[in-house]
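The next block holds one structure in the form of structure tokens; read it before the comments.
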Number of protein chains: 2
Amino acid sequence: MTLAYPRRQRQLENLVKKLGLPTKAPIKWQLLDLALTHPTVSESANYEHLEFVGDAVVRLVAAIVLWENYPHCSVGEYAAIRSVLVSDRVLAQLARSYGLELYLLVAGSATFDKAGQQSRLADAFEAVLGALYLSTNNLDLIRPWLDPHFKQLAAEIRLDPAKLNYKAALQEWTQANFKVLPEYKVVEISQPQTHQERFLAEVWLHGQKLGEGKGRSIKAAEQAAAKVAFLTLDNQENTELTGE
Amino acid sequence: MTLAYPRRQRQLENLVKKLGLPTKAPIKWQLLDLALTHPTVSESANYEHLEFVGDAVVRLVAAIVLWENYPHCSVGEYAAIRSVLVSDRVLAQLARSYGLELYLLVAGSATFDKAGQQSRLADAFEAVLGALYLSTNNLDLIRPWLDPHFKQLAAEIRLDPAKLNYKAALQEWTQANFKVLPEYKVVEISQPQTHQERFLAEVWLHGQKLGEGKGRSIKAAEQAAAKVAFLTLDNQENTELTGE
């Protein structure tokens, strides 16, 4: 069923064409309209609930792409790569590549909130995935265009692990394996040797220190500690599995 | 294609019957066999990768069940209910209700590790969902038997929110809304008034204190703080959305 507003209908059909889908595809246009409506436009009919569904959809697509393409990677590596694939940064980048900002209805002061644009776009992108999933109850309207992006990104990340956000990766890893989160303890170093070493972070799990790192900001120190911890854990896992 | 081991094939067919699925269903038996093989049995051919896929599957099913049955709940409530539905405790309980422990191959000392049984069963349950999803590339082999459990559990949780784990709920909420985790600061109270108030926990997000609570253990104090924070946030969200 098409929308009662022919102009919006045409807009959404353009977006669907950009995704490479036939406009005759069994799309629930009302849901797609909702997915591209920010809460500032309507307090009750907006993308929030679809985003909740879409968040699960994007994680599933990422998992399947890894399963199909990297059967020999460790589960730790899966978790690390997926944490990048489903990050706001990557999802907003994909949203922009399809010009999603042209279709997203936003009202009031949020229109000028440039800082919030990345998370708005990522949220709307997830909501679009939710709407497309619920249109067919499968991934048929999603995987044909999303898989190639995820395959390419996964390959890039494997070639250049510096693209990894180790704090997010470690978190995915400990949640997947232990259903708990790592804890960070940060102290300011009283007489740092260099500017790069103003903070010292330790990361702990289950009362055991997994790693430590220094950095010029709290965030940088935590990232450094997370990197040590993640690489140690992932290495242990690989060794255990392969018996090396 | 059936398994080359007729005895295992018959076992798995029994399980499939218990799930209420026809044994003629298009099941990839090799995947189901893998889903029920613990890493102690095989270092390379075990349930770990399927569990990674199944973790995303179970989150998607939970999201869809909430979407279909509770269109007027806040997204905060969705996150809170889902954190219970996908918890190890609930998944292991569902696994036991189908006697999954009878089909799970485990070797060595893990056989006697009763403490680890809950997480093993939850992991294997997720892996089974992964195997069933990948058999058809949709949820057709899963939703007919899983939806009724999730519907009933969601209804129970809404009637009795004490079933909620507020720390998990708050974490789902802040991750869904801000992609960050709340931080807890706990101090031991030097002269507690009662045994119930030995620890004081504060929970913070983005440099802002969301709530505090006391308890006889660190965990209890954190749960109390998380409950205050979660209820405040969810209430604000509802108020903003409905304009009350």
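Identifiers in the structure tokens: chain A, B, ... in order shown; residue index from 1 per chain; ligand index from 1 in order shown.
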Long-range neighbours of range 188-204 of chain A as a ChimeraX atom specification, 7 Å cut-off, only C-alpha atoms, 3 positions minimum in chain
/A:182-185,207-218,221-222,225-226
Set the cut-off to 9 Å and count only C-alpha atoms: what are the residues of chain A that reach chain B? Output as an mmCIF file with N, CA and C atoms, in the first residue's frame.
data_model
loop_
_atom_site.group_PDB
_atom_site.id
_atom_site.type_symbol
_atom_site.label_atom_id
_atom_site.label_comp_id
_atom_site.auth_asym_id
_atom_site.auth_seq_id
_atom_site.Cartn_x
_atom_site.Cartn_y
_atom_site.Cartn_z
ATOM 1 N N PRO A 39 12.014 12.076 16.106
ATOM 2 C CA PRO A 39 11.094 12.370 17.213
ATOM 3 C C PRO A 39 10.704 13.847 17.337
ATOM 4 N N SER A 42 7.339 14.103 15.343
ATOM 5 C CA SER A 42 6.169 13.504 15.980
ATOM 6 C C SER A 42 6.587 12.789 17.248
ATOM 7 N N GLU A 43 5.904 13.131 18.339
ATOM 8 C CA GLU A 43 6.276 12.522 19.621
ATOM 9 C C GLU A 43 5.938 11.041 19.682
ATOM 10 N N SER A 44 4.920 10.645 18.933
ATOM 11 C CA SER A 44 4.496 9.243 19.051
ATOM 12 C C SER A 44 4.800 8.438 17.789
ATOM 13 N N GLU A 48 11.852 5.681 16.584
ATOM 14 C CA GLU A 48 12.492 5.047 17.741
ATOM 15 C C GLU A 48 12.247 3.544 17.869
ATOM 16 N N HIS A 49 11.000 3.109 17.689
ATOM 17 C CA HIS A 49 10.718 1.680 17.859
ATOM 18 C C HIS A 49 11.323 0.860 16.720
ATOM 19 N N LEU A 50 11.275 1.411 15.503
ATOM 20 C CA LEU A 50 11.877 0.702 14.368
ATOM 21 C C LEU A 50 13.396 0.612 14.519
ATOM 22 N N GLU A 51 13.980 1.645 15.127
ATOM 23 C CA GLU A 51 15.427 1.635 15.361
ATOM 24 C C GLU A 51 15.802 0.481 16.295
ATOM 25 N N PHE A 52 14.931 0.225 17.270
ATOM 26 C CA PHE A 52 15.172 -0.867 18.218
ATOM 27 C C PHE A 52 15.209 -2.211 17.476
ATOM 28 N N VAL A 53 14.275 -2.385 16.547
ATOM 29 C CA VAL A 53 14.264 -3.611 15.736
ATOM 30 C C VAL A 53 15.486 -3.628 14.804
ATOM 31 N N GLY A 54 15.749 -2.489 14.167
ATOM 32 C CA GLY A 54 16.837 -2.394 13.192
ATOM 33 C C GLY A 54 18.213 -2.626 13.792
ATOM 34 N N ASP A 55 18.377 -2.242 15.057
ATOM 35 C CA ASP A 55 19.642 -2.481 15.749
ATOM 36 C C ASP A 55 19.944 -3.979 15.784
ATOM 37 N N ALA A 56 18.907 -4.782 16.025
ATOM 38 C CA ALA A 56 19.086 -6.243 16.028
ATOM 39 C C ALA A 56 19.319 -6.763 14.606
ATOM 40 N N VAL A 57 18.652 -6.151 13.632
ATOM 41 C CA VAL A 57 18.806 -6.582 12.236
ATOM 42 C C VAL A 57 20.243 -6.372 11.763
ATOM 43 N N VAL A 58 20.801 -5.200 12.060
ATOM 44 C CA VAL A 58 22.140 -4.900 11.555
ATOM 45 C C VAL A 58 23.189 -5.810 12.209
ATOM 46 N N ARG A 59 22.966 -6.141 13.480
ATOM 47 C CA ARG A 59 23.886 -7.074 14.146
ATOM 48 C C ARG A 59 23.806 -8.461 13.517
ATOM 49 N N LEU A 60 22.588 -8.859 13.131
ATOM 50 C CA LEU A 60 22.426 -10.172 12.502
ATOM 51 C C LEU A 60 23.095 -10.197 11.125
ATOM 52 N N VAL A 61 22.876 -9.152 10.323
ATOM 53 C CA VAL A 61 23.508 -9.127 8.999
ATOM 54 C C VAL A 61 25.034 -9.188 9.154
ATOM 55 N N ALA A 62 25.578 -8.412 10.081
ATOM 56 C CA ALA A 62 27.035 -8.415 10.286
ATOM 57 C C ALA A 62 27.514 -9.814 10.673
ATOM 58 N N ALA A 63 26.785 -10.471 11.576
ATOM 59 C CA ALA A 63 27.176 -11.815 12.018
ATOM 60 C C ALA A 63 27.159 -12.799 10.850
ATOM 61 N N ILE A 64 26.131 -12.719 10.007
ATOM 62 C CA ILE A 64 26.015 -13.666 8.891
ATOM 63 C C ILE A 64 27.110 -13.424 7.853
ATOM 64 N N TRP A 67 30.165 -14.976 9.298
ATOM 65 C CA TRP A 67 30.006 -16.440 9.249
ATOM 66 C C TRP A 67 30.267 -16.975 7.840
ATOM 67 N N PRO A 71 35.089 -18.227 7.928
ATOM 68 C CA PRO A 71 34.828 -19.382 8.795
ATOM 69 C C PRO A 71 35.985 -19.685 9.756
ATOM 70 N N HIS A 72 37.194 -19.208 9.441
ATOM 71 C CA HIS A 72 38.339 -19.574 10.281
ATOM 72 C C HIS A 72 38.779 -18.482 11.253
ATOM 73 N N SER A 74 38.601 -16.237 14.642
ATOM 74 C CA SER A 74 38.136 -16.517 16.001
ATOM 75 C C SER A 74 36.872 -15.704 16.273
ATOM 76 N N VAL A 75 36.118 -16.178 17.261
ATOM 77 C CA VAL A 75 34.914 -15.455 17.652
ATOM 78 C C VAL A 75 35.285 -14.072 18.210
ATOM 79 N N TYR A 78 35.530 -11.905 15.269
ATOM 80 C CA TYR A 78 34.146 -11.581 14.847
ATOM 81 C C TYR A 78 33.620 -10.394 15.660
ATOM 82 N N ALA A 79 33.742 -10.526 16.986
ATOM 83 C CA ALA A 79 33.175 -9.496 17.870
ATOM 84 C C ALA A 79 33.843 -8.151 17.600
ATOM 85 N N SER A 87 28.971 0.357 14.341
ATOM 86 C CA SER A 87 29.213 1.621 15.050
ATOM 87 C C SER A 87 28.444 2.763 14.389
ATOM 88 N N ASP A 88 28.131 3.788 15.177
ATOM 89 C CA ASP A 88 27.461 4.977 14.641
ATOM 90 C C ASP A 88 28.228 5.564 13.461
ATOM 91 N N SER A 119 24.689 10.665 14.944
ATOM 92 C CA SER A 119 23.878 9.652 15.630
ATOM 93 C C SER A 119 22.452 9.632 15.065
ATOM 94 N N LEU A 134 10.775 -5.758 8.495
ATOM 95 C CA LEU A 134 9.369 -6.019 8.834
ATOM 96 C C LEU A 134 8.462 -6.025 7.598
ATOM 97 N N ASN A 137 9.610 -9.838 6.602
ATOM 98 C CA ASN A 137 9.998 -10.804 7.642
ATOM 99 C C ASN A 137 11.215 -11.641 7.252
ATOM 100 N N ASN A 138 12.069 -11.066 6.445
ATOM 101 C CA ASN A 138 13.385 -11.674 6.201
ATOM 102 C C ASN A 138 14.329 -10.579 5.713
ATOM 103 N N LEU A 139 15.541 -10.977 5.333
ATOM 104 C CA LEU A 139 16.558 -9.974 4.983
ATOM 105 C C LEU A 139 16.651 -9.734 3.472
ATOM 106 N N ALA A 176 30.187 -11.199 24.977
ATOM 107 C CA ALA A 176 29.908 -12.453 24.278
ATOM 108 C C ALA A 176 30.356 -13.636 25.121
ATOM 109 N N PHE A 178 31.410 -13.622 28.602
ATOM 110 C CA PHE A 178 31.101 -13.679 30.035
ATOM 111 C C PHE A 178 29.856 -12.904 30.433
ATOM 112 N N LYS A 179 29.211 -12.249 29.458
ATOM 113 C CA LYS A 179 28.025 -11.435 29.743
ATOM 114 C C LYS A 179 28.298 -10.370 30.812
ATOM 115 N N GLU A 183 35.967 -3.339 33.453
ATOM 116 C CA GLU A 183 35.940 -2.106 34.245
ATOM 117 C C GLU A 183 37.257 -1.365 34.090
ATOM 118 N N GLU A 240 44.232 -21.531 22.485
ATOM 119 C CA GLU A 240 43.437 -22.617 23.073
ATOM 120 C C GLU A 240 42.721 -23.423 21.998
ATOM 121 N N LEU A 241 42.189 -22.707 21.009
ATOM 122 C CA LEU A 241 41.391 -23.403 20.007
ATOM 123 C C LEU A 241 42.243 -24.232 19.057
ATOM 124 N N THR A 242 43.387 -23.672 18.710
ATOM 125 C CA THR A 242 44.198 -24.384 17.728
ATOM 126 C C THR A 242 45.228 -25.269 18.412
ATOM 127 N N GLY A 243 45.340 -25.118 19.748
ATOM 128 C CA GLY A 243 46.281 -25.955 20.493
ATOM 129 C C GLY A 243 47.736 -25.642 20.198
#
Give the superposed chain A as a short mmCIF file (atom, residue, chain, number, x, y, z; two decimals) with C-alpha atoms, in the first residue's frame, the fit being least squares on chain B over all ordered C-alpha pairs.
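Heads up, here's the output in superposed_7.cif:
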data_model
loop_
_atom_site.label_atom_id
_atom_site.label_comp_id
_atom_site.auth_asym_id
_atom_site.auth_seq_id
_atom_site.Cartn_x
_atom_site.Cartn_y
_atom_site.Cartn_z
CA MET A 1 21.14 -33.89 4.13
CA THR A 2 21.17 -36.12 7.18
CA LEU A 3 24.19 -36.93 9.35
CA ALA A 4 26.49 -39.87 8.63
CA TYR A 5 25.94 -41.01 12.26
CA PRO A 6 22.43 -42.50 12.44
CA ARG A 7 22.33 -42.40 16.27
CA ARG A 8 23.12 -38.68 16.46
CA GLN A 9 20.70 -38.06 13.59
CA ARG A 10 17.90 -39.75 15.57
CA GLN A 11 18.82 -37.74 18.69
CA LEU A 12 18.60 -34.46 16.80
CA GLU A 13 15.32 -35.49 15.15
CA ASN A 14 13.90 -36.07 18.66
CA LEU A 15 14.93 -32.58 19.69
CA VAL A 16 13.35 -31.11 16.55
CA LYS A 17 10.11 -32.96 17.36
CA LYS A 18 10.17 -31.51 20.89
CA LEU A 19 10.40 -28.04 19.36
CA GLY A 20 7.19 -28.87 17.48
CA LEU A 21 8.87 -28.76 14.07
CA PRO A 22 8.27 -31.41 11.39
CA THR A 23 11.36 -33.63 10.95
CA LYS A 24 10.92 -33.03 7.21
CA ALA A 25 11.69 -29.35 7.86
CA PRO A 26 14.61 -28.04 5.77
CA ILE A 27 17.10 -28.32 8.64
CA LYS A 28 20.84 -28.28 8.06
CA TRP A 29 21.58 -31.18 10.38
CA GLN A 30 25.34 -30.64 10.30
CA LEU A 31 24.80 -27.15 11.72
CA LEU A 32 22.43 -28.42 14.41
CA ASP A 33 25.02 -31.06 15.35
CA LEU A 34 27.68 -28.32 15.56
CA ALA A 35 25.37 -26.16 17.69
CA LEU A 36 25.21 -28.96 20.25
CA THR A 37 28.95 -29.61 20.43
CA HIS A 38 30.87 -27.95 23.27
CA PRO A 39 34.43 -26.66 22.66
CA THR A 40 35.76 -29.37 25.01
CA VAL A 41 34.70 -31.96 22.41
CA SER A 42 36.28 -30.26 19.40
CA GLU A 43 38.63 -27.31 19.36
CA SER A 44 37.65 -26.26 15.87
CA ALA A 45 34.18 -27.75 15.16
CA ASN A 46 32.02 -26.50 18.03
CA TYR A 47 29.15 -24.15 18.79
CA GLU A 48 31.08 -20.90 19.25
CA HIS A 49 30.59 -19.37 15.81
CA LEU A 50 26.93 -20.39 15.63
CA GLU A 51 26.41 -18.88 19.08
CA PHE A 52 27.69 -15.57 17.70
CA VAL A 53 25.04 -15.69 14.97
CA GLY A 54 22.37 -16.97 17.37
CA ASP A 55 22.98 -14.13 19.82
CA ALA A 56 21.87 -11.72 17.09
CA VAL A 57 18.93 -13.96 16.16
CA VAL A 58 17.54 -14.08 19.69
CA ARG A 59 17.80 -10.30 20.03
CA LEU A 60 15.91 -9.89 16.75
CA VAL A 61 13.13 -12.29 17.78
CA ALA A 62 12.76 -10.46 21.11
CA ALA A 63 12.59 -7.09 19.33
CA ILE A 64 9.94 -8.30 16.87
CA VAL A 65 7.80 -9.85 19.60
CA LEU A 66 7.86 -6.53 21.48
CA TRP A 67 7.16 -4.55 18.27
CA GLU A 68 4.16 -6.74 17.42
CA ASN A 69 2.67 -6.95 20.90
CA TYR A 70 3.50 -3.68 22.63
CA PRO A 71 3.29 -0.84 20.10
CA HIS A 72 2.70 1.70 22.89
CA CYS A 73 5.55 0.77 25.23
CA SER A 74 8.51 3.14 25.39
CA VAL A 75 11.76 2.09 23.78
CA GLY A 76 13.24 2.16 27.30
CA GLU A 77 10.76 -0.49 28.36
CA TYR A 78 11.58 -2.53 25.23
CA ALA A 79 15.26 -2.44 26.18
CA ALA A 80 14.51 -3.41 29.77
CA ILE A 81 12.26 -6.33 28.86
CA ARG A 82 14.63 -7.58 26.20
CA SER A 83 17.55 -7.57 28.63
CA VAL A 84 15.61 -10.20 30.61
CA LEU A 85 14.47 -12.21 27.57
CA VAL A 86 18.02 -12.63 26.26
CA SER A 87 19.65 -13.20 29.67
CA ASP A 88 21.58 -16.41 30.35
CA ARG A 89 19.08 -17.27 33.07
CA VAL A 90 16.06 -17.18 30.75
CA LEU A 91 17.81 -18.82 27.80
CA ALA A 92 19.13 -21.66 30.00
CA GLN A 93 15.63 -22.11 31.45
CA LEU A 94 14.18 -22.41 27.93
CA ALA A 95 16.98 -24.79 26.96
CA ARG A 96 16.17 -27.01 29.97
CA SER A 97 12.46 -26.99 29.14
CA TYR A 98 13.39 -28.78 25.90
CA GLY A 99 15.93 -31.04 27.61
CA LEU A 100 18.78 -29.51 25.61
CA GLU A 101 21.32 -30.86 28.14
CA LEU A 102 20.52 -34.37 26.83
CA TYR A 103 21.72 -33.44 23.35
CA LEU A 104 24.73 -31.28 24.17
CA LEU A 105 28.04 -33.09 23.73
CA VAL A 106 30.50 -32.07 26.45
CA ALA A 107 33.85 -33.66 27.32
CA GLY A 108 36.38 -33.76 30.12
CA SER A 109 36.14 -31.81 33.34
CA ALA A 110 33.42 -29.53 31.94
CA THR A 111 30.98 -32.44 32.34
CA PHE A 112 31.19 -32.01 36.12
CA ASP A 113 31.23 -28.20 36.11
CA LYS A 114 27.74 -27.62 37.48
CA ALA A 115 28.40 -23.90 38.00
CA GLY A 116 29.11 -23.44 34.31
CA GLN A 117 26.01 -25.34 33.24
CA GLN A 118 23.73 -22.31 32.97
CA SER A 119 26.01 -20.41 30.62
CA ARG A 120 26.79 -23.57 28.62
CA LEU A 121 23.10 -24.22 28.10
CA ALA A 122 22.39 -20.58 27.21
CA ASP A 123 25.28 -20.61 24.73
CA ALA A 124 24.14 -23.87 23.13
CA PHE A 125 20.58 -22.58 22.95
CA GLU A 126 21.76 -19.49 21.06
CA ALA A 127 23.82 -21.73 18.78
CA VAL A 128 20.74 -23.85 18.03
CA LEU A 129 18.91 -20.64 17.05
CA GLY A 130 21.86 -19.77 14.81
CA ALA A 131 21.71 -23.20 13.15
CA LEU A 132 17.95 -22.99 12.61
CA TYR A 133 18.23 -19.46 11.19
CA LEU A 134 21.00 -20.46 8.78
CA SER A 135 18.99 -23.52 7.68
CA THR A 136 16.35 -21.35 5.99
CA ASN A 137 17.76 -17.78 6.13
CA ASN A 138 14.68 -16.65 8.01
CA LEU A 139 12.95 -17.18 11.35
CA ASP A 140 10.41 -19.75 10.09
CA LEU A 141 11.91 -22.61 12.16
CA ILE A 142 12.20 -20.44 15.28
CA ARG A 143 9.27 -18.12 15.81
CA PRO A 144 6.52 -20.80 15.91
CA TRP A 145 7.90 -22.19 19.19
CA LEU A 146 9.96 -19.27 20.60
CA ASP A 147 7.36 -16.49 20.21
CA PRO A 148 4.89 -17.98 22.73
CA HIS A 149 7.63 -18.18 25.40
CA PHE A 150 8.74 -14.60 24.82
CA LYS A 151 5.15 -13.32 24.76
CA GLN A 152 4.41 -14.96 28.08
CA LEU A 153 7.65 -13.80 29.68
CA ALA A 154 7.16 -10.23 28.43
CA ALA A 155 3.66 -10.18 29.91
CA GLU A 156 4.97 -11.50 33.25
CA ILE A 157 7.74 -8.91 33.37
CA ARG A 158 5.29 -6.08 32.62
CA LEU A 159 3.05 -7.24 35.48
CA ASP A 160 5.95 -7.63 37.90
CA PRO A 161 8.83 -5.28 37.11
CA ALA A 162 10.74 -6.73 40.11
CA LYS A 163 11.74 -9.44 37.63
CA LEU A 164 13.85 -6.83 35.89
CA ASN A 165 17.58 -6.73 36.29
CA TYR A 166 17.92 -2.95 36.41
CA LYS A 167 21.65 -2.91 35.82
CA ALA A 168 21.19 -4.83 32.57
CA ALA A 169 18.15 -2.71 31.70
CA LEU A 170 20.02 0.56 32.26
CA GLN A 171 22.90 -0.71 30.19
CA GLU A 172 20.57 -1.62 27.28
CA TRP A 173 18.98 1.80 27.60
CA THR A 174 22.18 3.85 27.56
CA GLN A 175 23.66 1.74 24.76
CA ALA A 176 20.52 2.09 22.67
CA ASN A 177 20.29 5.84 23.25
CA PHE A 178 23.89 6.98 23.59
CA LYS A 179 26.06 4.01 22.57
CA VAL A 180 27.91 4.31 25.87
CA LEU A 181 27.78 2.46 29.17
CA PRO A 182 26.89 3.85 32.56
CA GLU A 183 29.74 4.02 35.08
CA TYR A 184 29.46 2.88 38.68
CA LYS A 185 31.36 4.28 41.62
CA VAL A 186 31.10 2.29 44.83
CA VAL A 187 32.35 3.16 48.30
CA GLU A 188 32.17 1.16 51.51
CA ILE A 189 30.25 3.06 54.14
CA SER A 190 32.51 3.39 57.18
CA GLN A 191 29.80 3.27 59.84
CA PRO A 192 26.70 1.74 58.23
CA GLN A 193 23.39 2.16 60.05
CA THR A 194 22.32 -1.38 59.12
CA HIS A 195 23.79 -4.44 57.42
CA GLN A 196 21.65 -3.62 54.40
CA GLU A 197 23.61 -0.42 53.86
CA ARG A 198 27.22 -1.47 53.80
CA PHE A 199 27.93 -0.10 50.32
CA LEU A 200 26.93 3.09 48.52
CA ALA A 201 26.90 3.03 44.73
CA GLU A 202 26.50 5.94 42.35
CA VAL A 203 25.80 5.54 38.66
CA TRP A 204 27.04 8.15 36.19
CA LEU A 205 26.54 8.86 32.51
CA HIS A 206 28.34 11.54 30.53
CA GLY A 207 29.59 13.20 33.73
CA GLN A 208 26.09 13.38 35.23
CA LYS A 209 24.97 11.39 38.24
CA LEU A 210 21.85 9.40 37.36
CA GLY A 211 21.15 7.83 40.72
CA GLU A 212 22.52 6.27 43.87
CA GLY A 213 21.64 3.32 46.07
CA LYS A 214 22.79 1.32 49.05
CA GLY A 215 23.10 -2.41 49.60
CA ARG A 216 24.70 -5.18 51.63
CA SER A 217 26.97 -6.09 48.70
CA ILE A 218 28.55 -4.07 45.92
CA LYS A 219 26.23 -5.78 43.45
CA ALA A 220 23.12 -4.99 45.50
CA ALA A 221 24.13 -1.33 45.85
CA GLU A 222 24.75 -1.07 42.10
CA GLN A 223 21.37 -2.67 41.36
CA ALA A 224 19.67 -0.18 43.68
CA ALA A 225 21.41 2.76 41.99
CA ALA A 226 20.59 1.38 38.53
CA LYS A 227 16.92 1.04 39.47
CA VAL A 228 16.68 4.71 40.49
CA ALA A 229 18.46 5.78 37.31
CA PHE A 230 16.44 3.54 35.01
CA LEU A 231 13.07 4.54 36.40
CA THR A 232 13.99 8.24 36.24
CA LEU A 233 15.22 8.02 32.66
CA ASP A 234 12.32 5.93 31.43
CA ASN A 235 9.88 8.27 33.09
CA GLN A 236 11.53 11.31 31.47
CA GLU A 237 11.39 9.58 28.11
CA ASN A 238 7.70 8.79 28.44
CA THR A 239 6.95 12.34 29.52
CA GLU A 240 8.89 13.80 26.62
CA LEU A 241 7.16 11.55 24.15
CA THR A 242 3.65 11.98 25.40
CA GLY A 243 4.14 15.61 26.40
CA GLU A 244 2.61 14.95 29.82
#
Determine which residues of range 25-238 of chain B DSSP labels as alpha helix (DSSP H) from the backbone of this structure, then write them out as a PyMOL selection string.
chain B and resi 29-35+48-69+75-85+88-97+117-136+143-159+166-178+218-238
Would you output that residue set with C-alpha atoms, as a compact mmCIF listing (two decimals), in the first residue's frame?
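What follows is the written file selection_31.txt:
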# COMPACT_ATOMS: atom_id res chain seq x y z
CA TRP B 29 21.56 -31.20 10.31
CA GLN B 30 25.33 -30.64 10.23
CA LEU B 31 24.78 -27.17 11.67
CA LEU B 32 22.42 -28.45 14.34
CA ASP B 33 25.01 -31.10 15.26
CA LEU B 34 27.66 -28.36 15.50
CA ALA B 35 25.36 -26.19 17.64
CA GLU B 48 31.09 -20.95 19.21
CA HIS B 49 30.59 -19.39 15.79
CA LEU B 50 26.94 -20.42 15.60
CA GLU B 51 26.43 -18.94 19.06
CA PHE B 52 27.70 -15.61 17.70
CA VAL B 53 25.05 -15.71 14.96
CA GLY B 54 22.38 -17.01 17.36
CA ASP B 55 23.00 -14.19 19.83
CA ALA B 56 21.89 -11.75 17.11
CA VAL B 57 18.95 -14.00 16.18
CA VAL B 58 17.55 -14.12 19.71
CA ARG B 59 17.83 -10.33 20.06
CA LEU B 60 15.92 -9.93 16.79
CA VAL B 61 13.15 -12.32 17.82
CA ALA B 62 12.78 -10.51 21.16
CA ALA B 63 12.63 -7.13 19.39
CA ILE B 64 9.98 -8.33 16.93
CA VAL B 65 7.83 -9.89 19.65
CA LEU B 66 7.89 -6.57 21.55
CA TRP B 67 7.19 -4.60 18.36
CA GLU B 68 4.20 -6.76 17.49
CA ASN B 69 2.68 -7.00 20.96
CA VAL B 75 11.79 2.05 23.89
CA GLY B 76 13.28 2.11 27.39
CA GLU B 77 10.78 -0.54 28.45
CA TYR B 78 11.61 -2.58 25.33
CA ALA B 79 15.29 -2.50 26.27
CA ALA B 80 14.54 -3.48 29.85
CA ILE B 81 12.29 -6.40 28.93
CA ARG B 82 14.67 -7.64 26.25
CA SER B 83 17.58 -7.64 28.68
CA VAL B 84 15.64 -10.27 30.66
CA LEU B 85 14.50 -12.28 27.62
CA ASP B 88 21.60 -16.50 30.35
CA ARG B 89 19.10 -17.36 33.07
CA VAL B 90 16.08 -17.25 30.76
CA LEU B 91 17.83 -18.89 27.80
CA ALA B 92 19.14 -21.74 29.98
CA GLN B 93 15.66 -22.20 31.43
CA LEU B 94 14.20 -22.48 27.91
CA ALA B 95 17.00 -24.87 26.93
CA ARG B 96 16.18 -27.09 29.93
CA SER B 97 12.47 -27.07 29.10
CA GLN B 117 26.02 -25.45 33.18
CA GLN B 118 23.75 -22.41 32.94
CA SER B 119 26.03 -20.50 30.60
CA ARG B 120 26.81 -23.67 28.57
CA LEU B 121 23.10 -24.30 28.05
CA ALA B 122 22.41 -20.67 27.18
CA ASP B 123 25.30 -20.67 24.71
CA ALA B 124 24.15 -23.93 23.09
CA PHE B 125 20.58 -22.63 22.93
CA GLU B 126 21.77 -19.54 21.05
CA ALA B 127 23.82 -21.77 18.75
CA VAL B 128 20.74 -23.88 17.99
CA LEU B 129 18.91 -20.67 17.04
CA GLY B 130 21.86 -19.80 14.80
CA ALA B 131 21.70 -23.22 13.12
CA LEU B 132 17.94 -23.00 12.59
CA TYR B 133 18.23 -19.48 11.19
CA LEU B 134 20.98 -20.45 8.77
CA SER B 135 18.98 -23.50 7.65
CA THR B 136 16.34 -21.33 5.97
CA ARG B 143 9.28 -18.13 15.81
CA PRO B 144 6.53 -20.83 15.90
CA TRP B 145 7.92 -22.23 19.18
CA LEU B 146 9.97 -19.31 20.61
CA ASP B 147 7.38 -16.52 20.24
CA PRO B 148 4.90 -18.02 22.74
CA HIS B 149 7.66 -18.24 25.41
CA PHE B 150 8.77 -14.66 24.84
CA LYS B 151 5.18 -13.38 24.79
CA GLN B 152 4.43 -15.02 28.10
CA LEU B 153 7.68 -13.88 29.71
CA ALA B 154 7.19 -10.30 28.49
CA ALA B 155 3.68 -10.26 29.96
CA GLU B 156 5.01 -11.59 33.29
CA ILE B 157 7.76 -8.99 33.42
CA ARG B 158 5.33 -6.15 32.70
CA LEU B 159 3.08 -7.33 35.55
CA TYR B 166 17.93 -2.92 36.48
CA LYS B 167 21.67 -2.87 35.89
CA ALA B 168 21.20 -4.83 32.65
CA ALA B 169 18.16 -2.73 31.76
CA LEU B 170 20.02 0.55 32.30
CA GLN B 171 22.93 -0.72 30.24
CA GLU B 172 20.61 -1.65 27.34
CA TRP B 173 19.01 1.78 27.64
CA THR B 174 22.21 3.82 27.60
CA GLN B 175 23.69 1.70 24.81
CA ALA B 176 20.56 2.05 22.70
CA ASN B 177 20.33 5.80 23.26
CA PHE B 178 23.94 6.95 23.61
CA ILE B 218 28.50 -3.91 46.03
CA LYS B 219 26.18 -5.66 43.58
CA ALA B 220 23.07 -4.84 45.60
CA ALA B 221 24.09 -1.19 45.93
CA GLU B 222 24.72 -0.98 42.18
CA GLN B 223 21.35 -2.57 41.43
CA ALA B 224 19.64 -0.06 43.73
CA ALA B 225 21.40 2.86 42.01
CA ALA B 226 20.59 1.44 38.57
CA LYS B 227 16.91 1.11 39.49
CA VAL B 228 16.68 4.78 40.50
CA ALA B 229 18.47 5.83 37.30
CA PHE B 230 16.45 3.57 35.02
CA LEU B 231 13.08 4.59 36.39
CA THR B 232 14.01 8.30 36.23
CA LEU B 233 15.25 8.05 32.64
CA ASP B 234 12.34 5.95 31.42
CA ASN B 235 9.89 8.33 33.07
CA GLN B 236 11.55 11.37 31.46
CA GLU B 237 11.43 9.63 28.09
CA ASN B 238 7.73 8.89 28.42
Going by DSSP on the backbone, which bits of range 188-225 of chain A are strand (DSSP E)? Write them as a PyMOL selection string, please.
chain A and resi 188+199-205+208-215
